[in-house]
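Asks: Data: structure_35.pdb, PDB, C-alpha atoms.
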```
ATOM      1  CA  MET H   1      37.258 -30.557 -10.260
ATOM      2  CA  SER H   2      37.662 -30.320 -13.992
ATOM      3  CA  SER H   3      36.609 -26.734 -14.411
ATOM      4  CA  ASN H   4      39.366 -24.201 -14.415
ATOM      5  CA  HIS H   5      37.125 -21.191 -14.386
ATOM      6  CA  SER H   6      35.706 -19.914 -11.172
ATOM      7  CA  PRO H   7      32.011 -19.306 -11.754
ATOM      8  CA  ALA H   8      32.229 -15.774 -10.430
ATOM      9  CA  HIS H   9      34.771 -14.844 -13.026
ATOM     10  CA  GLY H  10      33.881 -17.255 -15.754
ATOM     11  CA  HIS H  11      31.897 -14.671 -17.682
ATOM     12  CA  ALA H  12      34.747 -12.269 -18.185
ATOM     13  CA  HIS H  13      34.891 -12.851 -21.905
ATOM     14  CA  ASP H  14      32.983 -10.179 -23.603
ATOM     15  CA  ASP H  15      30.695 -12.154 -25.867
ATOM     16  CA  GLY H  16      27.664 -11.550 -23.701
ATOM     17  CA  GLU H  17      26.702 -15.122 -24.392
ATOM     18  CA  ASP H  18      26.325 -18.201 -22.326
ATOM     19  CA  HIS H  19      28.873 -19.651 -20.000
ATOM     20  CA  HIS H  20      30.051 -22.696 -21.919
ATOM     21  CA  HIS H  21      31.183 -20.673 -24.886
ATOM     22  CA  GLY H  22      34.679 -21.680 -25.802
ATOM     23  CA  HIS H  23      34.711 -24.752 -23.614
ATOM     24  CA  ASP H  24      34.583 -28.246 -24.917
ATOM     25  CA  HIS H  25      32.491 -29.761 -22.171
ATOM     26  CA  ASP H  26      28.730 -29.629 -22.256
ATOM     27  CA  HIS H  27      27.808 -30.368 -18.660
ATOM     28  CA  SER H  28      25.660 -28.026 -16.645
ATOM     29  CA  HIS H  29      26.958 -24.982 -14.951
ATOM     30  CA  LEU H  30      25.726 -23.151 -11.887
ATOM     31  CA  SER H  31      26.809 -19.677 -10.909
ATOM     32  CA  ASP H  32      28.460 -19.157  -7.550
ATOM     33  CA  MET H  33      25.332 -17.545  -6.172
ATOM     34  CA  ASP H  34      23.101 -20.282  -7.506
ATOM     35  CA  ILE H  35      25.288 -22.858  -5.782
ATOM     36  CA  ARG H  36      25.303 -20.952  -2.495
ATOM     37  CA  VAL H  37      21.507 -20.687  -2.471
ATOM     38  CA  ARG H  38      20.982 -24.301  -3.502
ATOM     39  CA  ALA H  39      23.330 -25.358  -0.705
ATOM     40  CA  LEU H  40      21.392 -23.280   1.816
ATOM     41  CA  GLN H  41      18.105 -24.702   0.621
ATOM     42  CA  SER H  42      19.197 -28.341   0.550
ATOM     43  CA  LEU H  43      20.828 -28.105   3.986
ATOM     44  CA  LEU H  44      17.739 -26.477   5.471
ATOM     45  CA  GLU H  45      15.491 -29.066   3.862
ATOM     46  CA  ALA H  46      17.674 -31.928   5.065
ATOM     47  CA  LYS H  47      17.411 -30.567   8.587
ATOM     48  CA  GLY H  48      13.658 -30.265   8.290
ATOM     49  CA  TYR H  49      13.699 -26.497   8.788
ATOM     50  CA  ILE H  50      11.818 -25.823   5.583
ATOM     51  CA  ASP H  51       9.125 -27.464   3.538
ATOM     52  CA  PRO H  52       9.949 -27.349  -0.195
ATOM     53  CA  ASN H  53       6.300 -26.991  -1.198
ATOM     54  CA  ALA H  54       5.750 -24.093   1.154
ATOM     55  CA  LEU H  55       8.846 -22.472  -0.298
ATOM     56  CA  ASP H  56       7.507 -22.686  -3.843
ATOM     57  CA  GLU H  57       4.220 -21.253  -2.666
ATOM     58  CA  LEU H  58       6.004 -18.306  -1.074
ATOM     59  CA  ILE H  59       7.941 -17.565  -4.234
ATOM     60  CA  GLN H  60       4.725 -17.632  -6.246
ATOM     61  CA  LEU H  61       3.021 -15.441  -3.723
ATOM     62  CA  TYR H  62       5.645 -12.732  -3.768
ATOM     63  CA  GLU H  63       6.129 -12.863  -7.515
ATOM     64  CA  HIS H  64       2.485 -12.707  -8.478
ATOM     65  CA  GLU H  65       0.014 -12.060  -5.714
ATOM     66  CA  VAL H  66       1.530  -9.636  -3.278
ATOM     67  CA  GLY H  67       2.138  -6.184  -4.574
ATOM     68  CA  PRO H  68       1.242  -2.542  -4.153
ATOM     69  CA  GLN H  69      -2.286  -3.268  -5.385
ATOM     70  CA  ASN H  70      -2.950  -4.685  -1.909
ATOM     71  CA  GLY H  71      -1.879  -1.502  -0.177
ATOM     72  CA  ALA H  72      -3.819   0.569  -2.714
ATOM     73  CA  ARG H  73      -6.986  -1.283  -1.726
ATOM     74  CA  VAL H  74      -6.335  -0.526   1.924
ATOM     75  CA  VAL H  75      -5.816   3.162   1.188
ATOM     76  CA  ALA H  76      -8.864   3.440  -1.056
ATOM     77  CA  LYS H  77     -11.033   1.796   1.566
ATOM     78  CA  ALA H  78      -9.731   4.196   4.192
ATOM     79  CA  TRP H  79     -10.613   7.115   1.902
ATOM     80  CA  THR H  80     -14.194   5.950   1.401
ATOM     81  CA  ASP H  81     -15.040   4.307   4.699
ATOM     82  CA  PRO H  82     -14.443   6.517   7.759
ATOM     83  CA  ALA H  83     -15.051   3.654  10.189
ATOM     84  CA  TYR H  84     -12.422   1.567   8.391
ATOM     85  CA  ALA H  85     -10.016   4.506   8.454
ATOM     86  CA  GLU H  86     -10.498   4.794  12.189
ATOM     87  CA  ARG H  87      -9.720   1.108  12.657
ATOM     88  CA  LEU H  88      -6.734   1.375  10.314
ATOM     89  CA  PHE H  89      -5.115   4.200  12.230
ATOM     90  CA  ALA H  90      -5.895   2.551  15.575
ATOM     91  CA  ASP H  91      -4.613  -0.928  14.696
ATOM     92  CA  ALA H  92      -3.295  -1.281  11.181
ATOM     93  CA  THR H  93      -2.269  -4.932  11.477
ATOM     94  CA  THR H  94      -5.843  -5.982  12.259
ATOM     95  CA  ALA H  95      -7.508  -3.566   9.817
ATOM     96  CA  ILE H  96      -5.250  -4.744   6.979
ATOM     97  CA  ALA H  97      -5.934  -8.370   7.886
ATOM     98  CA  GLU H  98      -9.646  -7.608   7.426
ATOM     99  CA  LEU H  99      -8.898  -7.389   3.704
ATOM    100  CA  GLY H 100      -7.028 -10.665   3.793
ATOM    101  CA  TYR H 101      -3.492  -9.308   3.822
ATOM    102  CA  THR H 102      -1.426 -10.716   6.626
ATOM    103  CA  GLY H 103       2.272 -10.760   7.228
ATOM    104  CA  ARG H 104       3.708 -14.220   7.324
ATOM    105  CA  GLN H 105       6.652 -13.039   9.329
ATOM    106  CA  GLY H 106       4.767 -11.478  12.218
ATOM    107  CA  GLU H 107       5.177  -7.920  11.078
ATOM    108  CA  HIS H 108       3.359  -5.291  13.062
ATOM    109  CA  MET H 109       1.863  -2.718  10.719
ATOM    110  CA  VAL H 110       1.356   0.976  11.430
ATOM    111  CA  ALA H 111      -0.594   3.280   9.116
ATOM    112  CA  LEU H 112       0.663   6.860   8.825
ATOM    113  CA  LYS H 113      -1.802   9.542   7.856
ATOM    114  CA  ASN H 114      -0.668  12.317   5.562
ATOM    115  CA  THR H 115      -2.301  15.684   6.218
ATOM    116  CA  PRO H 116      -1.763  19.176   4.833
ATOM    117  CA  ASP H 117       0.552  19.735   7.824
ATOM    118  CA  THR H 118       2.487  16.485   7.827
ATOM    119  CA  HIS H 119       3.862  14.300   5.059
ATOM    120  CA  ASN H 120       5.187  10.898   6.099
ATOM    121  CA  MET H 121       8.048   9.048   4.482
ATOM    122  CA  VAL H 122       9.331   5.553   5.217
ATOM    123  CA  VAL H 123      12.861   4.201   5.117
ATOM    124  CA  CYS H 124      14.808   1.364   6.660
ATOM    125  CA  THR H 125      18.144   2.818   7.640
ATOM    126  CA  LEU H 126      19.483  -0.520   8.845
ATOM    127  CA  CYS H 127      18.716  -2.722   5.872
ATOM    128  CA  SER H 128      15.564  -3.119   3.806
ATOM    129  CA  CYS H 129      12.574  -3.684   6.103
ATOM    130  CA  TYR H 130       9.436  -3.021   4.081
ATOM    131  CA  PRO H 131       5.696  -3.624   4.478
ATOM    132  CA  TRP H 132       5.690  -6.778   2.324
ATOM    133  CA  PRO H 133       2.080  -7.825   2.932
ATOM    134  CA  VAL H 134       0.719  -4.633   1.409
ATOM    135  CA  LEU H 135       3.454  -3.483  -0.973
ATOM    136  CA  GLY H 136       5.174  -6.678  -2.082
ATOM    137  CA  LEU H 137       8.903  -6.490  -2.687
ATOM    138  CA  PRO H 138      10.778  -3.244  -2.229
ATOM    139  CA  PRO H 139      12.022  -1.381  -5.295
ATOM    140  CA  THR H 140      15.756  -1.323  -5.824
ATOM    141  CA  TRP H 141      16.144   2.284  -4.773
ATOM    142  CA  TYR H 142      14.507   1.576  -1.400
ATOM    143  CA  LYS H 143      17.372  -0.807  -0.598
ATOM    144  CA  SER H 144      20.081   1.546  -1.835
ATOM    145  CA  ALA H 145      22.529   3.279   0.453
ATOM    146  CA  PRO H 146      21.822   6.753  -1.034
ATOM    147  CA  TYR H 147      18.097   6.529  -0.277
ATOM    148  CA  ARG H 148      18.643   5.105   3.195
ATOM    149  CA  ALA H 149      21.025   7.896   4.101
ATOM    150  CA  LYS H 150      19.333  10.771   2.335
ATOM    151  CA  ALA H 151      15.780  10.009   3.496
ATOM    152  CA  VAL H 152      16.849  10.867   7.010
ATOM    153  CA  ALA H 153      19.291  13.686   6.294
ATOM    154  CA  ASP H 154      17.352  15.438   3.553
ATOM    155  CA  PRO H 155      13.828  14.124   3.042
ATOM    156  CA  ARG H 156      12.806  17.190   1.047
ATOM    157  CA  GLY H 157      15.756  16.555  -1.251
ATOM    158  CA  VAL H 158      14.607  12.971  -1.709
ATOM    159  CA  LEU H 159      11.144  14.193  -2.654
ATOM    160  CA  ALA H 160      12.740  16.558  -5.159
ATOM    161  CA  ASP H 161      14.647  13.585  -6.630
ATOM    162  CA  PHE H 162      11.277  11.916  -7.096
ATOM    163  CA  GLY H 163       9.800  15.022  -8.681
ATOM    164  CA  VAL H 164       7.635  15.886  -5.702
ATOM    165  CA  SER H 165       7.537  19.284  -4.084
ATOM    166  CA  LEU H 166       5.481  20.055  -1.021
ATOM    167  CA  PRO H 167       4.578  23.407   0.494
ATOM    168  CA  ASP H 168       7.336  24.770   2.741
ATOM    169  CA  GLU H 169       5.008  24.662   5.709
ATOM    170  CA  THR H 170       4.375  20.921   5.356
ATOM    171  CA  TYR H 171       6.428  19.054   7.912
ATOM    172  CA  ILE H 172       8.090  15.901   6.603
ATOM    173  CA  GLU H 173       8.235  13.110   9.121
ATOM    174  CA  VAL H 174      10.531  10.169   8.399
ATOM    175  CA  TYR H 175       9.804   6.754   9.911
ATOM    176  CA  ASP H 176      12.522   4.139  10.219
ATOM    177  CA  SER H 177      11.181   0.632   9.632
ATOM    178  CA  THR H 178      12.427  -2.289  11.646
ATOM    179  CA  ALA H 179      11.978  -6.026  11.480
ATOM    180  CA  GLU H 180       9.158  -5.627  13.989
ATOM    181  CA  VAL H 181       7.318  -2.518  12.766
ATOM    182  CA  ARG H 182       6.428  -1.716   9.157
ATOM    183  CA  TYR H 183       4.759   1.465   8.013
ATOM    184  CA  LEU H 184       2.174   2.166   5.353
ATOM    185  CA  VAL H 185       1.715   5.786   4.340
ATOM    186  CA  VAL H 186      -1.894   6.738   3.679
ATOM    187  CA  PRO H 187      -1.713   9.694   1.313
ATOM    188  CA  MET H 188      -4.341  12.413   1.167
ATOM    189  CA  ARG H 189      -7.262  11.679  -1.132
ATOM    190  CA  PRO H 190      -6.832  13.768  -4.282
ATOM    191  CA  ASP H 191      -9.268  16.589  -4.913
ATOM    192  CA  GLY H 192     -11.700  15.980  -7.728
ATOM    193  CA  THR H 193     -12.454  12.372  -6.755
ATOM    194  CA  GLU H 194     -15.756  12.965  -5.003
ATOM    195  CA  GLY H 195     -18.130  10.084  -5.617
ATOM    196  CA  TRP H 196     -15.456   7.713  -6.955
ATOM    197  CA  ASP H 197     -15.691   4.119  -5.863
ATOM    198  CA  GLU H 198     -12.933   2.190  -4.132
ATOM    199  CA  ALA H 199     -11.682   0.439  -7.253
ATOM    200  CA  ALA H 200     -11.310   3.688  -9.193
ATOM    201  CA  LEU H 201      -9.597   5.338  -6.243
ATOM    202  CA  ALA H 202      -7.226   2.398  -5.758
ATOM    203  CA  ASN H 203      -5.941   2.980  -9.284
ATOM    204  CA  LEU H 204      -4.657   6.377  -8.179
ATOM    205  CA  VAL H 205      -2.673   5.008  -5.250
ATOM    206  CA  THR H 206       0.882   4.433  -6.373
ATOM    207  CA  ARG H 207       3.463   2.372  -4.555
ATOM    208  CA  ASP H 208       5.635   5.425  -4.030
ATOM    209  CA  ALA H 209       2.692   7.293  -2.505
ATOM    210  CA  MET H 210       2.480   4.552   0.123
ATOM    211  CA  ILE H 211       6.209   4.789   0.871
ATOM    212  CA  GLY H 212       5.930   8.549   1.046
ATOM    213  CA  THR H 213       8.269   9.306  -1.845
ATOM    214  CA  GLY H 214       5.383  10.129  -4.146
ATOM    215  CA  LEU H 215       1.831  11.359  -4.287
ATOM    216  CA  PRO H 216      -1.276   9.676  -5.669
ATOM    217  CA  ALA H 217      -1.808   9.980  -9.390
ATOM    218  CA  LEU H 218      -3.902  12.923 -10.525
ATOM    219  CA  PRO H 219      -7.496  12.012 -11.226
ATOM    220  CA  THR H 220      -8.554  12.167 -14.851
ATOM    221  CA  SER H 221     -11.826  10.290 -15.017
ATOM    222  CA  PRO H 222     -13.331   7.815 -12.600
TER     223      PRO H 222
ATOM    224  CA  MET T 223      19.588   9.088  -6.731
ATOM    225  CA  SER T 224      17.887   6.935  -9.290
ATOM    226  CA  LYS T 225      14.176   6.395  -9.219
ATOM    227  CA  SER T 226      14.357   3.687 -11.837
ATOM    228  CA  ASP T 227      13.066   0.252 -11.022
ATOM    229  CA  SER T 228      14.293  -3.147 -11.952
ATOM    230  CA  PRO T 229      12.450  -6.459 -11.726
ATOM    231  CA  ASN T 230      11.754  -7.782  -8.271
ATOM    232  CA  PHE T 231      14.138 -10.666  -8.758
ATOM    233  CA  ALA T 232      17.042 -10.584 -11.183
ATOM    234  CA  ALA T 233      17.485 -14.351 -11.043
ATOM    235  CA  PRO T 234      15.701 -17.392  -9.617
ATOM    236  CA  TRP T 235      18.266 -17.754  -6.847
ATOM    237  CA  GLU T 236      17.272 -14.317  -5.569
ATOM    238  CA  ALA T 237      13.637 -15.384  -5.296
ATOM    239  CA  THR T 238      14.639 -18.601  -3.564
ATOM    240  CA  ALA T 239      16.845 -16.755  -1.087
ATOM    241  CA  PHE T 240      14.052 -14.331  -0.313
ATOM    242  CA  ALA T 241      11.572 -17.149   0.207
ATOM    243  CA  LEU T 242      13.998 -19.117   2.386
ATOM    244  CA  LYS T 243      14.326 -16.201   4.756
ATOM    245  CA  ALA T 244      10.583 -15.513   4.830
ATOM    246  CA  HIS T 245       9.856 -19.171   5.445
ATOM    247  CA  LEU T 246      12.426 -19.511   8.234
ATOM    248  CA  VAL T 247      11.031 -16.451   9.999
ATOM    249  CA  ALA T 248       7.435 -17.623   9.585
ATOM    250  CA  ALA T 249       8.403 -21.037  10.950
ATOM    251  CA  GLY T 250      10.004 -19.457  14.001
ATOM    252  CA  LYS T 251      13.478 -20.751  13.143
ATOM    253  CA  LEU T 252      14.957 -17.337  12.461
ATOM    254  CA  ASP T 253      14.522 -14.135  14.422
ATOM    255  CA  ALA T 254      13.547 -11.331  12.047
ATOM    256  CA  GLY T 255      15.320  -8.663  14.090
ATOM    257  CA  ARG T 256      18.532 -10.656  14.227
ATOM    258  CA  PHE T 257      18.407 -11.224  10.481
ATOM    259  CA  SER T 258      17.856  -7.512   9.836
ATOM    260  CA  HIS T 259      20.902  -6.744  11.900
ATOM    261  CA  ILE T 260      23.093  -9.200  10.003
ATOM    262  CA  LEU T 261      21.675  -8.029   6.666
ATOM    263  CA  GLY T 262      22.442  -4.416   7.597
ATOM    264  CA  GLU T 263      26.049  -5.384   8.290
ATOM    265  CA  GLU T 264      26.349  -7.206   4.998
ATOM    266  CA  MET T 265      24.750  -4.339   3.051
ATOM    267  CA  ALA T 266      27.380  -2.031   4.505
ATOM    268  CA  ARG T 267      30.119  -4.379   3.374
ATOM    269  CA  GLY T 268      30.017  -3.433  -0.283
ATOM    270  CA  HIS T 269      29.107  -6.657  -2.053
ATOM    271  CA  THR T 270      29.052  -6.245  -5.808
ATOM    272  CA  ASP T 271      26.585  -7.065  -8.557
ATOM    273  CA  GLN T 272      27.009 -10.432 -10.238
ATOM    274  CA  ASP T 273      26.463 -11.396 -13.840
ATOM    275  CA  ASP T 274      23.301 -13.093 -12.676
ATOM    276  CA  GLY T 275      22.149 -11.017  -9.749
ATOM    277  CA  THR T 276      22.264  -7.915  -7.661
ATOM    278  CA  ALA T 277      24.615  -6.833  -4.896
ATOM    279  CA  TYR T 278      21.671  -6.584  -2.538
ATOM    280  CA  PHE T 279      20.882 -10.271  -2.852
ATOM    281  CA  VAL T 280      24.555 -11.196  -2.547
ATOM    282  CA  ALA T 281      24.439  -9.423   0.822
ATOM    283  CA  PHE T 282      21.139 -11.173   1.538
ATOM    284  CA  VAL T 283      22.555 -14.649   0.828
ATOM    285  CA  THR T 284      25.691 -13.937   2.832
ATOM    286  CA  ALA T 285      23.455 -12.857   5.718
ATOM    287  CA  LEU T 286      21.405 -16.042   5.376
ATOM    288  CA  GLU T 287      24.575 -18.131   5.517
ATOM    289  CA  ARG T 288      25.646 -16.351   8.675
ATOM    290  CA  ALA T 289      22.180 -16.779  10.150
ATOM    291  CA  LEU T 290      22.211 -20.499   9.347
ATOM    292  CA  LEU T 291      25.520 -20.909  11.143
ATOM    293  CA  GLU T 292      24.050 -19.162  14.177
ATOM    294  CA  ILE T 293      21.055 -21.516  14.178
ATOM    295  CA  ASP T 294      23.142 -24.555  13.376
ATOM    296  CA  PRO T 295      26.875 -24.097  14.026
ATOM    297  CA  GLY T 296      27.617 -27.563  12.635
ATOM    298  CA  ALA T 297      26.186 -26.837   9.195
ATOM    299  CA  ASP T 298      28.794 -27.615   6.553
ATOM    300  CA  LEU T 299      28.017 -25.130   3.829
ATOM    301  CA  ALA T 300      31.276 -25.661   1.973
ATOM    302  CA  ALA T 301      30.638 -29.398   1.615
ATOM    303  CA  GLU T 302      27.078 -28.812   0.470
ATOM    304  CA  GLN T 303      28.257 -26.267  -2.104
ATOM    305  CA  ALA T 304      30.894 -28.700  -3.342
ATOM    306  CA  ALA T 305      28.196 -31.369  -3.711
ATOM    307  CA  TRP T 306      26.115 -29.035  -5.869
ATOM    308  CA  ARG T 307      29.091 -28.053  -7.996
ATOM    309  CA  ASP T 308      29.883 -31.699  -8.476
ATOM    310  CA  ALA T 309      26.258 -32.485  -9.352
ATOM    311  CA  ALA T 310      26.280 -29.748 -11.992
ATOM    312  CA  GLU T 311      29.428 -31.130 -13.548
ATOM    313  CA  HIS T 312      27.876 -34.568 -13.822
ATOM    314  CA  THR T 313      24.590 -33.378 -15.278
ATOM    315  CA  PRO T 314      24.316 -33.026 -19.045
ATOM    316  CA  HIS T 315      23.499 -29.527 -20.154
ATOM    317  CA  GLY T 316      19.767 -28.845 -20.124
ATOM    318  CA  GLU T 317      18.802 -31.498 -17.609
ATOM    319  CA  PRO T 318      17.661 -30.639 -14.101
ATOM    320  CA  ILE T 319      20.458 -30.674 -11.584
ATOM    321  CA  THR T 320      19.692 -32.668  -8.474
ATOM    322  CA  LEU T 321      21.634 -33.632  -5.415
ATOM    323  CA  LYS T 322      21.959 -37.330  -4.719
ATOM    324  CA  ARG T 323      22.132 -38.298  -1.094
TER     325      ARG T 323
END
```
Is it possible to express this structure as structure tokens?

Replies:
Amino acid sequence: MSSNHSPAHGHAHDDGEDHHHGHDHDHSHLSDMDIRVRALQSLLEAKGYIDPNALDELIQLYEHEVGPQNGARVVAKAWTDPAYAERLFADATTAIAELGYTGRQGEHMVALKNTPDTHNMVVCTLCSCYPWPVLGLPPTWYKSAPYRAKAVADPRGVLADFGVSLPDETYIEVYDSTAEVRYLVVPMRPDGTEGWDEAALANLVTRDAMIGTGLPALPTSP
Amino acid sequence: MSKSDSPNFAAPWEATAFALKAHLVAAGKLDAGRFSHILGEEMARGHTDQDDGTAYFVAFVTALERALLEIDPGADLAAEQAAWRDAAEHTPHGEPITLKR
């Protein structure tokens, strides 16, 4: 091996520029992590465990198509269609699939209904389990140790961190996601949205509101 | 606790790692619960951010490597990594790096 710099430490010089700065070779360079992932991928492909095209499709899907807008549609439909809401709270996996959103990893979905008495909040204390089909990829803070610890120990404190305060009498229930069960919080429909259609309502449903660390946006105009 | 967000993927390798796991689970090759358990262990291990990626995905990749070795104990990750490093060193800058078999 001709390189004398380990990729993990090769960027220590403080020029903030690219990796071959100061070196006289001009061959390609891969970071340690890039190499580890390429090795995983090529081994798995060689063994026939993965299909490269399907992999590209998945990356596209999660980068562009799956996001909180899916969950927002589910919530808005539940707000406007009582029969749908009933199906959603009875069997969320099936009700969410009605809108075309299905987990590719066999996740079982559960919808949690916020009421004036109970506010629901979702965490994964073990790692980072998240309702991908409806919310896309988790935000960084969801995966962080402080959130995972504090959501359980001090959910009201977490809400305060997010700028949310609830009445003292509202009970905060924290749900711990697992690889098998993922939760979607269905926030309360904001006052002042009577007569709004689903699309306008969906715009009020924030990602954080569906994790339980936030509330829907305040209505301004439909 | 910070409420700030960063992009979903800090680097392409993060997206690939994420997709590999999702694909393996969907294909029934990897048990989602088992992976969560391994990932939880790795997240507790204090991996650090890289120049080109986040600590979370370093834990994620390490967990994937462990999971692969559980599925396929004979997998030679070190040799495969060496092959990629070698391929990079023999590829002119700017050209796609491929593995010859």

Asks: For chain H, list the residues within 7 Å of chain T, counting all atoms listed in the file, and write the list as a list in words.

Replies: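 That gives the following set of residues: Asp26, His27, Ser28, His29, Leu30, Asp34, Ile35, Arg36, Val37, Ala39, Ile50, Leu55, Leu58, Ile59, Arg104, Gln105, Leu126, Cys127, Leu137, Pro139, Thr140, Trp141, Pro146, Asp161, Phe162, Ala179 and Glu180 of chain H.
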
Asks: Atom CA of Arg156 of chain H to atom CA of Ala277 of chain T: how many Å, to one decimal?

Replies: 27.4 Å

Asks: Quick check, in Å to one decimal: how far apart do atom CA of Gly67 of chain H and atom CA of Asp154 of chain H lie?

Replies: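 Separating atom CA of Gly67 of chain H from atom CA of Asp154 of chain H is a distance of 27.7 Å.
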
Asks: Which residue out of H:Gln41, H:Tyr101, H:Ala160, H:Tyr49 has the minimum interatomic distance to Ile293 of chain T when only C-alpha atoms are used?

Replies: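 Ranking H:Gln41, H:Tyr101, H:Ala160, H:Tyr49 by distance to Ile293 of chain T, first place goes to H:Tyr49.
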
Asks: Mind giving me the straight-line distance from atom CA of Val174 of chain H to atom CA of Met121 of chain H in Å, one decimal?

Replies: 4.8 Å
